[in-house]
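Printed here is target-v8.txt (compact mmCIF, C-alpha atoms):
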# COMPACT_ATOMS: atom_id res chain seq x y z
CA MET A 7 0.00 0.00 0.00
CA PRO A 8 1.61 3.34 -1.04
CA LEU A 9 1.75 6.56 0.91
CA TRP A 10 -1.51 8.33 0.16
CA ASP A 11 -2.32 11.05 2.70
CA LEU A 12 -0.45 14.32 3.36
CA SER A 13 3.34 14.44 3.13
CA ARG A 14 5.34 13.80 6.28
CA ASP A 15 6.20 17.49 6.63
CA GLU A 16 2.54 18.46 6.19
CA LEU A 17 1.46 15.87 8.74
CA ALA A 18 3.88 17.16 11.37
CA GLY A 19 2.21 20.58 11.29
CA TYR A 20 -1.34 19.47 10.58
CA ALA A 21 -3.56 21.21 13.13
CA PRO A 22 -6.97 21.84 11.56
CA GLU A 23 -9.87 23.51 13.28
CA ILE A 24 -12.28 20.74 14.20
CA ALA A 25 -15.93 21.52 14.79
CA GLU A 26 -16.77 21.47 18.47
CA PRO A 27 -20.21 22.15 19.99
CA ASP A 28 -20.47 24.98 22.49
CA ASP A 29 -21.86 22.65 25.14
CA PHE A 30 -19.20 19.93 24.73
CA ASP A 31 -17.92 20.13 28.32
CA GLU A 32 -21.41 20.47 29.78
CA PHE A 33 -22.59 17.49 27.74
CA TRP A 34 -19.86 15.18 28.98
CA ALA A 35 -19.93 16.44 32.57
CA GLY A 36 -23.66 15.74 32.65
CA THR A 37 -23.15 12.32 31.07
CA LEU A 38 -20.60 11.27 33.69
CA SER A 39 -22.69 12.75 36.48
CA GLU A 40 -25.65 10.64 35.36
CA ALA A 41 -23.48 7.52 35.24
CA ARG A 42 -22.16 8.16 38.76
CA GLU A 43 -25.69 8.23 40.13
CA HIS A 44 -25.42 4.44 39.85
CA ASP A 45 -23.29 2.65 42.40
CA LEU A 46 -20.06 1.41 40.82
CA GLY A 47 -21.02 -2.10 41.95
CA LEU A 48 -17.51 -3.48 41.45
CA ARG A 49 -17.33 -7.28 41.62
CA LEU A 50 -14.16 -9.35 41.32
CA GLU A 51 -14.50 -13.11 40.93
CA PRO A 52 -11.30 -15.20 40.86
CA VAL A 53 -10.88 -17.36 37.76
CA ASP A 54 -8.97 -20.66 37.80
CA THR A 55 -6.94 -20.36 34.60
CA GLY A 56 -4.18 -22.84 35.40
CA LEU A 57 -1.64 -20.00 35.21
CA VAL A 58 0.79 -19.88 38.15
CA LEU A 59 2.45 -16.47 37.80
CA VAL A 60 -0.65 -14.28 37.53
CA ASP A 61 -4.04 -13.98 39.16
CA VAL A 62 -7.05 -13.36 36.93
CA PHE A 63 -10.44 -12.01 38.00
CA ASP A 64 -13.74 -11.78 36.17
CA VAL A 65 -14.72 -8.12 36.66
CA THR A 66 -18.16 -6.53 36.58
CA PHE A 67 -18.94 -2.86 37.22
CA SER A 68 -21.66 -0.35 36.35
CA GLY A 69 -21.04 1.70 33.22
CA PHE A 70 -23.33 4.03 31.30
CA GLY A 71 -26.90 3.90 32.58
CA GLY A 72 -25.85 1.54 35.37
CA HIS A 73 -25.50 -1.22 32.77
CA PRO A 74 -23.17 -4.06 33.80
CA VAL A 75 -19.82 -3.97 31.99
CA LYS A 76 -17.40 -6.89 32.03
CA GLY A 77 -13.61 -7.09 31.95
CA TRP A 78 -10.65 -9.23 32.89
CA LEU A 79 -8.32 -8.08 35.67
CA THR A 80 -4.89 -9.68 35.46
CA ARG A 81 -2.17 -9.00 38.02
CA PRO A 82 1.13 -10.56 39.05
CA ARG A 83 0.73 -13.19 41.74
CA GLY A 84 2.36 -12.70 45.14
CA VAL A 85 3.50 -9.11 44.58
CA ASP A 86 3.18 -6.84 47.61
CA GLY A 87 2.50 -3.14 47.61
CA PRO A 88 0.28 -0.90 45.47
CA LEU A 89 0.63 -1.80 41.80
CA PRO A 90 0.72 0.52 38.81
CA ALA A 91 -2.23 -0.21 36.56
CA VAL A 92 -3.39 0.00 32.94
CA LEU A 93 -6.93 0.17 31.61
CA SER A 94 -6.80 -1.48 28.17
CA CYS A 95 -9.46 -0.62 25.58
CA ASN A 96 -10.15 -2.80 22.56
CA GLY A 97 -10.37 -2.32 18.80
CA TYR A 98 -13.53 -2.14 16.72
CA GLY A 99 -15.57 -5.34 16.74
CA GLY A 100 -13.57 -7.11 19.43
CA GLY A 101 -14.55 -8.21 22.93
CA ARG A 102 -12.62 -9.04 26.06
CA GLY A 103 -11.87 -12.56 24.77
CA LEU A 104 -10.59 -15.27 27.08
CA ALA A 105 -9.31 -14.96 30.64
CA THR A 106 -5.87 -16.14 29.54
CA GLY A 107 -5.55 -13.64 26.70
CA HIS A 108 -4.08 -10.60 28.45
CA LEU A 109 -0.72 -11.34 30.05
CA GLY A 110 1.74 -8.68 28.88
CA TRP A 111 1.14 -5.92 31.40
CA ALA A 112 0.81 -8.32 34.33
CA ASN A 113 4.15 -9.89 33.46
CA ALA A 114 5.63 -6.40 33.50
CA GLY A 115 4.37 -5.85 37.05
CA TYR A 116 1.10 -4.04 36.37
CA ALA A 117 -2.52 -4.74 37.19
CA GLU A 118 -4.42 -4.63 33.89
CA LEU A 119 -8.15 -4.26 33.44
CA PHE A 120 -8.99 -5.31 29.89
CA LEU A 121 -12.33 -3.71 29.19
CA ASP A 122 -15.08 -5.53 27.34
CA THR A 123 -16.81 -3.49 24.63
CA ARG A 124 -20.59 -3.27 24.90
CA GLY A 125 -22.43 -4.86 22.00
CA GLN A 126 -19.21 -5.87 20.23
CA GLY A 127 -17.05 -8.98 20.34
CA SER A 128 -18.32 -10.93 17.35
CA ARG A 129 -16.28 -9.66 14.41
CA TRP A 130 -12.87 -11.08 15.43
CA GLY A 131 -11.07 -12.45 18.50
CA ASP A 132 -12.56 -14.71 21.16
CA GLY A 133 -15.86 -13.01 21.93
CA GLY A 134 -17.37 -10.55 24.37
CA ASP A 135 -19.77 -10.66 27.31
CA THR A 136 -21.28 -7.17 27.57
CA PRO A 137 -24.55 -6.45 25.76
CA ASP A 138 -25.67 -2.97 24.77
CA PRO A 139 -29.27 -2.76 26.01
CA VAL A 140 -29.90 0.59 24.31
CA GLY A 141 -31.48 0.65 20.84
CA SER A 142 -31.23 3.29 18.12
CA GLY A 143 -32.99 4.60 15.06
CA PRO A 144 -32.17 3.51 11.50
CA ALA A 145 -28.48 2.70 11.17
CA VAL A 146 -25.92 1.12 8.87
CA PRO A 147 -24.53 -2.19 10.23
CA GLY A 148 -21.74 -1.44 12.69
CA PHE A 149 -21.68 1.16 15.47
CA MET A 150 -20.79 4.50 13.88
CA THR A 151 -24.35 5.43 12.91
CA ARG A 152 -26.21 4.11 15.95
CA GLY A 153 -27.93 7.23 17.28
CA ILE A 154 -26.21 9.46 14.75
CA THR A 155 -28.98 12.08 14.72
CA ASP A 156 -28.80 12.76 18.48
CA PRO A 157 -25.59 12.95 20.54
CA ARG A 158 -27.41 11.76 23.65
CA GLU A 159 -28.38 8.56 21.83
CA HIS A 160 -25.10 7.87 20.07
CA TYR A 161 -23.38 4.55 20.76
CA TYR A 162 -20.03 6.12 21.61
CA ARG A 163 -21.53 8.24 24.36
CA ARG A 164 -22.22 4.95 26.11
CA LEU A 165 -18.88 3.36 25.28
CA PHE A 166 -16.76 6.36 26.31
CA THR A 167 -18.68 6.51 29.58
CA ASP A 168 -17.97 2.82 30.17
CA ALA A 169 -14.26 3.54 29.72
CA ALA A 170 -14.27 6.47 32.13
CA ARG A 171 -16.07 4.32 34.69
CA GLY A 172 -13.52 1.60 33.95
CA VAL A 173 -10.79 3.84 35.35
CA GLU A 174 -12.86 4.28 38.51
CA ALA A 175 -13.33 0.52 38.75
CA LEU A 176 -9.62 -0.18 38.28
CA ARG A 177 -8.67 2.38 40.90
CA ALA A 178 -11.09 0.76 43.34
CA VAL A 179 -9.37 -2.64 43.06
CA PRO A 180 -7.50 -3.52 46.29
CA GLY A 181 -3.76 -3.27 45.77
CA VAL A 182 -3.92 -0.83 42.83
CA ASP A 183 -2.20 2.56 43.09
CA PRO A 184 -4.82 5.09 41.85
CA ALA A 185 -2.11 7.69 41.19
CA ARG A 186 -0.29 5.36 38.78
CA THR A 187 -3.19 4.34 36.56
CA ALA A 188 -2.77 4.71 32.79
CA VAL A 189 -5.08 4.06 29.84
CA ALA A 190 -4.11 2.38 26.57
CA GLY A 191 -5.67 1.08 23.37
CA GLY A 192 -5.37 0.75 19.62
CA SER A 193 -7.70 2.05 16.90
CA GLN A 194 -11.14 2.27 18.58
CA GLY A 195 -9.29 1.61 21.84
CA GLY A 196 -6.97 4.51 21.05
CA ALA A 197 -9.98 6.81 20.68
CA MET A 198 -11.28 5.51 24.00
CA ALA A 199 -7.90 6.20 25.61
CA LEU A 200 -7.99 9.79 24.34
CA ALA A 201 -11.57 10.21 25.55
CA VAL A 202 -10.58 8.95 29.00
CA GLY A 203 -7.60 11.31 28.97
CA GLY A 204 -9.97 14.22 28.45
CA LEU A 205 -12.75 13.02 30.75
CA VAL A 206 -10.51 11.80 33.59
CA PRO A 207 -7.67 14.33 33.51
CA ASP A 208 -5.77 12.86 36.47
CA VAL A 209 -4.89 9.59 34.73
CA ALA A 210 -1.15 9.07 34.85
CA ALA A 211 -0.56 8.47 31.13
CA VAL A 212 -2.37 7.98 27.82
CA LEU A 213 -1.22 5.46 25.19
CA PRO A 214 -3.27 5.78 21.96
CA ASP A 215 -2.10 3.61 19.06
CA VAL A 216 -3.29 4.45 15.51
CA PRO A 217 -6.38 6.02 17.12
CA PHE A 218 -9.77 5.96 15.42
CA LEU A 219 -12.49 8.66 15.68
CA CYS A 220 -10.08 11.58 15.33
CA HIS A 221 -11.04 14.46 12.98
CA ILE A 222 -13.99 12.28 12.02
CA ARG A 223 -15.27 14.38 9.15
CA ARG A 224 -11.95 14.18 7.33
CA GLY A 225 -11.80 10.43 7.94
CA VAL A 226 -15.25 9.99 6.43
CA GLU A 227 -14.37 12.15 3.43
CA ILE A 228 -11.02 10.64 2.45
CA THR A 229 -11.16 6.90 3.17
CA ALA A 230 -13.48 4.28 1.72
CA ARG A 231 -12.76 1.77 4.45
CA ASP A 232 -15.03 0.84 7.32
CA PRO A 233 -15.77 1.96 9.94
CA TYR A 234 -15.66 5.50 8.50
CA ALA A 235 -17.46 4.23 5.40
CA GLU A 236 -20.46 3.37 7.59
CA VAL A 237 -21.07 7.12 7.90
CA SER A 238 -20.67 7.85 4.20
CA ASN A 239 -22.97 4.93 3.35
CA TYR A 240 -25.58 6.26 5.77
CA LEU A 241 -25.36 9.79 4.35
CA ALA A 242 -25.57 8.50 0.78
CA VAL A 243 -29.10 7.34 1.65
CA ASN A 244 -30.06 9.95 4.26
CA ARG A 245 -29.04 12.92 2.17
CA GLY A 246 -30.52 15.56 4.44
CA HIS A 247 -28.78 14.41 7.61
CA THR A 248 -25.21 15.52 6.90
CA GLU A 249 -24.80 18.47 9.25
CA GLN A 250 -26.90 16.85 11.96
CA ALA A 251 -24.79 13.69 11.77
CA PHE A 252 -21.47 15.49 11.93
CA ARG A 253 -22.68 17.64 14.80
CA THR A 254 -23.45 14.47 16.75
CA LEU A 255 -20.04 13.04 15.87
CA SER A 256 -18.31 16.22 17.06
CA TYR A 257 -19.20 15.25 20.63
CA ILE A 258 -17.46 11.93 20.02
CA ASP A 259 -14.43 13.21 18.11
CA ALA A 260 -11.35 12.06 20.00
CA ALA A 261 -9.40 15.12 18.83
CA ASN A 262 -11.82 17.28 20.84
CA HIS A 263 -11.27 15.06 23.86
CA ALA A 264 -7.50 15.18 23.26
CA LYS A 265 -7.54 18.98 23.66
CA ARG A 266 -8.63 18.48 27.25
CA ALA A 267 -6.14 15.77 28.16
CA VAL A 268 -3.04 16.77 30.13
CA ALA A 269 -1.35 13.48 31.07
CA PRO A 270 1.87 12.43 29.32
CA ALA A 271 0.96 10.70 26.07
CA ARG A 272 2.65 8.40 23.59
CA PHE A 273 0.82 8.07 20.27
CA SER A 274 1.53 5.98 17.22
CA VAL A 275 0.66 6.50 13.56
CA ALA A 276 1.08 4.36 10.45
CA LEU A 277 1.66 6.35 7.27
CA MET A 278 0.02 3.78 4.98
CA ASP A 279 -3.02 3.41 7.22
CA GLN A 280 -6.24 3.63 5.19
CA THR A 281 -8.50 2.77 8.14
CA CYS A 282 -7.38 5.65 10.38
CA PRO A 283 -5.73 8.08 7.96
CA PRO A 284 -2.45 9.57 9.23
CA SER A 285 -3.76 13.14 9.01
CA THR A 286 -6.59 12.29 11.40
CA VAL A 287 -4.13 10.91 13.94
CA TYR A 288 -1.90 13.97 13.65
CA ALA A 289 -4.95 16.21 14.08
CA ALA A 290 -5.45 14.65 17.52
CA PHE A 291 -1.73 14.55 18.37
CA ASN A 292 -1.20 18.21 17.51
CA ALA A 293 -4.35 19.18 19.43
CA TYR A 294 -3.36 17.18 22.51
CA GLY A 295 -3.44 19.40 25.59
CA GLY A 296 -0.56 17.88 27.52
CA ALA A 297 2.92 19.33 27.02
CA GLU A 298 4.60 15.93 27.38
CA LYS A 299 3.71 14.00 24.23
CA GLU A 300 5.44 12.04 21.51
CA ILE A 301 4.46 10.01 18.50
CA ASP A 302 5.97 6.86 17.01
CA VAL A 303 5.80 6.84 13.21
CA TRP A 304 5.57 3.59 11.25
CA PRO A 305 6.22 4.69 7.65
CA PHE A 306 5.44 1.45 5.80
CA ASN A 307 2.59 0.05 7.83
CA ASP A 308 -1.16 -0.01 7.34
CA HIS A 309 -3.56 -0.16 10.27
CA GLU A 310 -1.52 -2.80 12.10
CA GLY A 311 0.85 0.05 12.97
CA GLY A 312 3.80 -1.00 15.08
CA GLY A 313 2.17 -4.13 16.52
CA GLY A 314 4.36 -5.72 19.17
CA HIS A 315 7.16 -3.28 18.39
CA GLN A 316 4.96 -0.47 19.68
CA TRP A 317 4.32 -2.22 22.98
CA SER A 318 8.07 -2.75 23.43
CA ARG A 319 8.45 1.03 23.21
CA GLN A 320 5.51 1.77 25.47
CA LEU A 321 6.80 -0.42 28.28
CA PRO A 322 9.99 1.49 29.21
CA TRP A 323 8.32 4.82 28.43
CA LEU A 324 5.44 4.20 30.84
CA SER A 325 7.82 2.98 33.54
CA GLU A 326 9.78 6.23 33.26
CA VAL A 327 6.64 8.38 33.27
CA LEU A 328 5.29 6.71 36.40
CA ALA A 329 8.64 6.89 38.14
CA ALA A 330 8.89 10.60 37.34
CA GLY A 331 5.38 11.10 38.69
CA ARG A 332 6.32 9.49 42.00
CA ARG A 333 9.33 11.78 42.35
CA ARG A 334 7.28 14.93 41.89

How does this structure look as C-alpha cells?
Amino acid sequence: MPLWDLSRDELAGYAPEIAEPDDFDEFWAGTLSEAREHDLGLRLEPVDTGLVLVDVFDVTFSGFGGHPVKGWLTRPRGVDGPLPAVLSCNGYGGGRGLATGHLGWANAGYAELFLDTRGQGSRWGDGGDTPDPVGSGPAVPGFMTRGITDPREHYYRRLFTDAARGVEALRAVPGVDPARTAVAGGSQGGAMALAVGGLVPDVAAVLPDVPFLCHIRRGVEITARDPYAEVSNYLAVNRGHTEQAFRTLSYIDAANHAKRAVAPARFSVALMDQTCPPSTVYAAFNAYGGAEKEIDVWPFNDHEGGGGHQWSRQLPWLSEVLAAGRRR
C-alpha cells in the first residue's frame, strides 16, 4: 500500500480547526454525572486459569446507565504493595476474549483491566460478554451510525462513559495505586484512551495507538474503508442528515477530547493506514493538551501500525513516566 495522505512534513504541522459544539464540556460532565448516580457495583470473581504467575479475575462494574460492563483483571501473583495499573481498551468489533488472553502488562508488574466493549465482540477475536441494552434509530450495520442524529443517543456516548467508569473501577481494586493508573488502546481503543484522557484528567498516562475517531469528518471524506465508510454509506441514503450527523459526531471526536487531556501521552501513527488516515491521527496529536507528548511513526505500515514493536516502546516509556510522577 503506497503513501496516500499528506506528506510527512505536512502531517507534522497538521492542526486543523475541528468543529466542536459549544456545550461539549457540559454534555460530557452531565453524562458522567448521570453515570455516577449508579453505584459502581464493582465485583471481582477469581478465575482458575491454570496459570501460576498471575491472578485473573472476572470483573463486573456499572457503566453508562448503570448497565453491567465486564472485563478481565490480570495482576502478578504474590507481589506486595500498590501496583501501577493499565486500563486497556479494545479495537472495533472485538470483545474481552478469554481470561488467559491478556498477560503482557501483568508480566511487567502491572494490574491490567482489559475492558469488554458493549455490543461488540463478534467480528474477530474470542468473543465478548457485555450487551448494549440501548437501541437506536435507523443505522448502517456497525456502530458508527447508531444514534447518529442525536448525541445523547449515540453509541459512543455509552462506550466512552464505560471507559471512564472503567478507570474508577480499576482504581477501586484492592492493591492498585490510583495515582499510577494509565489508559491504553489501539484504533477504537486509542480513541477511548484519548476520551478517557480528556474526561478523567488525572490519569497518569495515555497510550493511543493508531487512534480511530479523530477528525472524524476528514476520515469519512477521504477513506473508503469501514468503519468511517459506515457514515458515508448512511449519508448516501439519508441525504438531508449531513450536518446533523457530523454535529453528533463532534461530541465523540477524540481530537476534541484530546484537547482536554493533560497526562503524558505516547501516540503511534502508520503512514500507509487507510483505516485511520495519518492526518486524522496527527490532528489529535497536535491538538493534545498535555505538554509531554510524543508520536511513534511507522512509515510502511497499514492499520496494524507497530504491533508488538509499539508495545516494546511503550513499556519502558510508561515505567519512566510513572517513576517521574512518583518523584514529583

Enter the distance from atom CA of Tyr240 of chain A to atom CA of Thr151 of chain A, in Å, rounded to one decimal.
-> 7.3 Å

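The space between atom CA of Trp10 of chain A and atom CA of Ala267 of chain A spans 29.3 Å.
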
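Minimum atom-to-atom distance to Ser142 of chain A, evaluated using only C-alpha atoms, belongs to A:Ile154 out of A:Ala91, A:Ala35, A:Ile154, A:Val206.
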
Which residue of A:Thr167, A:Thr123, A:Asn262, A:Ser94 approaches Gly36 of chain A most closely, using only C-alpha atoms = A:Thr167

Identify, on the basis of all atoms listed in the file, every residue whose closest approach to Leu213 of chain A does not exceed 6 Å; exclude the query and any residue fewer than 4 positions from it along the same chain; express the result as a PyMOL selection string.
-> chain A and resi 190+271-273

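Using all atoms listed in the file, the protein and nucleic acid residues lying no more than 8 Å from Val65 of chain A, apart from those fewer than 4 places from it along its own chain, are Leu48, Arg49, Leu50, Glu51, Lys76, Gly77, Trp78 and Leu79 of chain A.
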
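Between atom CA of Phe291 of chain A and atom CA of Gly192 of chain A the interatomic distance comes to 14.3 Å.
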
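Using only C-alpha atoms, the contacts of Ala235 of chain A at a cut-off of 10 Å, with sequence neighbours closer than 3 positions omitted, comprise Val146, Met150, Gly225, Val226, Glu227, Ile228, Thr229, Ala230, Arg231, Asp232, Ser238, Asn239, Tyr240, Leu241 and Thr281 of chain A.
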
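Within the 10 Å cut-off around Arg163 of chain A, using all atoms listed in the file and omitting residues fewer than 6 positions from it on the same chain, the listed residues are Phe33, Trp34, Thr37, Leu38, Phe70, Gly153, Pro157, Leu255, Tyr257 and Ile258 of chain A.
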
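Using only C-alpha atoms, the shortest contact distance between Phe252 of chain A and any of A:Leu324, A:Leu17, A:Val53, A:Ile24 is found at A:Ile24.
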
Would you list the residues near (-19.9, 3.3, 39.5), meaning any protein, DNA or RNA residue with an atom at most 8 Å from that point in file coordinates, counting all atoms listed in the file, as a ChimeraX atom specification?
-> /A:41-48,67-69,72,171,174-175

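Taking all atoms listed in the file into account, Pro283 of chain A lies nearest to A:Ser193 out of the set A:Asn96, A:Gln320, A:Ser193, A:Thr80.
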
Residue rebuild result segment 84-120 of chain A, N, CA and C atoms as a short mmCIF file (atom, residue, chain, number, x, y, z; two decimals), keeping the file's coordinate frame:
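What follows is the written file out-v9.cif:
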data_model
loop_
_atom_site.label_atom_id
_atom_site.label_comp_id
_atom_site.auth_asym_id
_atom_site.auth_seq_id
_atom_site.Cartn_x
_atom_site.Cartn_y
_atom_site.Cartn_z
N GLY A 84 1.42 -12.76 44.03
CA GLY A 84 2.36 -12.70 45.14
C GLY A 84 3.19 -11.44 45.21
N VAL A 85 2.76 -10.36 44.55
CA VAL A 85 3.50 -9.11 44.58
C VAL A 85 2.87 -8.18 45.61
N ASP A 86 3.68 -7.72 46.57
CA ASP A 86 3.18 -6.84 47.61
C ASP A 86 3.23 -5.38 47.15
N GLY A 87 2.45 -4.58 47.84
CA GLY A 87 2.50 -3.14 47.61
C GLY A 87 1.55 -2.69 46.52
N PRO A 88 1.17 -1.43 46.51
CA PRO A 88 0.28 -0.90 45.47
C PRO A 88 0.91 -1.04 44.09
N LEU A 89 0.14 -1.54 43.15
CA LEU A 89 0.63 -1.80 41.80
C LEU A 89 0.26 -0.66 40.84
N PRO A 90 1.16 -0.33 39.92
CA PRO A 90 0.72 0.52 38.81
C PRO A 90 -0.30 -0.25 37.98
N ALA A 91 -1.12 0.46 37.23
CA ALA A 91 -2.23 -0.21 36.56
C ALA A 91 -2.47 0.39 35.19
N VAL A 92 -3.04 -0.43 34.30
CA VAL A 92 -3.39 0.00 32.94
C VAL A 92 -4.80 -0.44 32.64
N LEU A 93 -5.64 0.50 32.20
CA LEU A 93 -6.93 0.17 31.61
C LEU A 93 -6.71 0.00 30.12
N SER A 94 -6.99 -1.20 29.59
CA SER A 94 -6.80 -1.48 28.17
C SER A 94 -8.15 -1.49 27.46
N CYS A 95 -8.23 -0.74 26.36
CA CYS A 95 -9.46 -0.62 25.58
C CYS A 95 -9.25 -1.27 24.22
N ASN A 96 -10.28 -1.90 23.70
CA ASN A 96 -10.15 -2.80 22.56
C ASN A 96 -10.50 -2.13 21.23
N GLY A 97 -10.09 -2.78 20.14
CA GLY A 97 -10.37 -2.32 18.80
C GLY A 97 -11.78 -2.65 18.36
N TYR A 98 -12.17 -2.07 17.25
CA TYR A 98 -13.53 -2.14 16.72
C TYR A 98 -13.94 -3.58 16.41
N GLY A 99 -15.04 -4.01 17.00
CA GLY A 99 -15.57 -5.34 16.74
C GLY A 99 -15.09 -6.42 17.68
N GLY A 100 -14.11 -6.11 18.53
CA GLY A 100 -13.57 -7.11 19.43
C GLY A 100 -14.20 -7.04 20.81
N GLY A 101 -14.09 -8.15 21.55
CA GLY A 101 -14.55 -8.21 22.93
C GLY A 101 -13.39 -8.51 23.86
N ARG A 102 -13.70 -8.81 25.10
CA ARG A 102 -12.62 -9.04 26.06
C ARG A 102 -11.91 -10.37 25.84
N GLY A 103 -12.53 -11.29 25.07
CA GLY A 103 -11.87 -12.56 24.77
C GLY A 103 -11.82 -13.48 25.96
N LEU A 104 -10.73 -14.25 26.05
CA LEU A 104 -10.59 -15.27 27.08
C LEU A 104 -9.79 -14.75 28.27
N ALA A 105 -9.98 -15.39 29.41
CA ALA A 105 -9.31 -14.96 30.64
C ALA A 105 -7.80 -15.07 30.55
N THR A 106 -7.31 -15.93 29.68
CA THR A 106 -5.87 -16.14 29.54
C THR A 106 -5.25 -15.29 28.44
N GLY A 107 -6.01 -14.36 27.88
CA GLY A 107 -5.55 -13.64 26.70
C GLY A 107 -4.82 -12.35 26.94
N HIS A 108 -4.62 -11.94 28.19
CA HIS A 108 -4.08 -10.60 28.45
C HIS A 108 -2.99 -10.70 29.52
N LEU A 109 -1.78 -11.01 29.10
CA LEU A 109 -0.72 -11.34 30.05
C LEU A 109 0.45 -10.36 30.03
N GLY A 110 0.56 -9.53 29.01
CA GLY A 110 1.74 -8.68 28.88
C GLY A 110 1.96 -7.73 30.03
N TRP A 111 0.95 -6.92 30.34
CA TRP A 111 1.14 -5.92 31.40
C TRP A 111 1.34 -6.57 32.76
N ALA A 112 0.64 -7.65 33.04
CA ALA A 112 0.81 -8.32 34.33
C ALA A 112 2.23 -8.86 34.48
N ASN A 113 2.78 -9.38 33.40
CA ASN A 113 4.15 -9.89 33.46
C ASN A 113 5.17 -8.78 33.58
N ALA A 114 4.76 -7.55 33.31
CA ALA A 114 5.63 -6.40 33.50
C ALA A 114 5.42 -5.75 34.87
N GLY A 115 4.56 -6.34 35.69
CA GLY A 115 4.37 -5.85 37.05
C GLY A 115 3.18 -4.94 37.25
N TYR A 116 2.27 -4.90 36.29
CA TYR A 116 1.10 -4.04 36.37
C TYR A 116 -0.16 -4.87 36.65
N ALA A 117 -1.15 -4.21 37.22
CA ALA A 117 -2.52 -4.74 37.19
C ALA A 117 -3.17 -4.18 35.92
N GLU A 118 -3.77 -5.07 35.12
CA GLU A 118 -4.42 -4.63 33.89
C GLU A 118 -5.90 -4.99 33.93
N LEU A 119 -6.74 -4.00 33.66
CA LEU A 119 -8.15 -4.26 33.44
C LEU A 119 -8.40 -4.15 31.95
N PHE A 120 -8.66 -5.29 31.32
CA PHE A 120 -8.99 -5.31 29.89
C PHE A 120 -10.50 -5.19 29.77
#
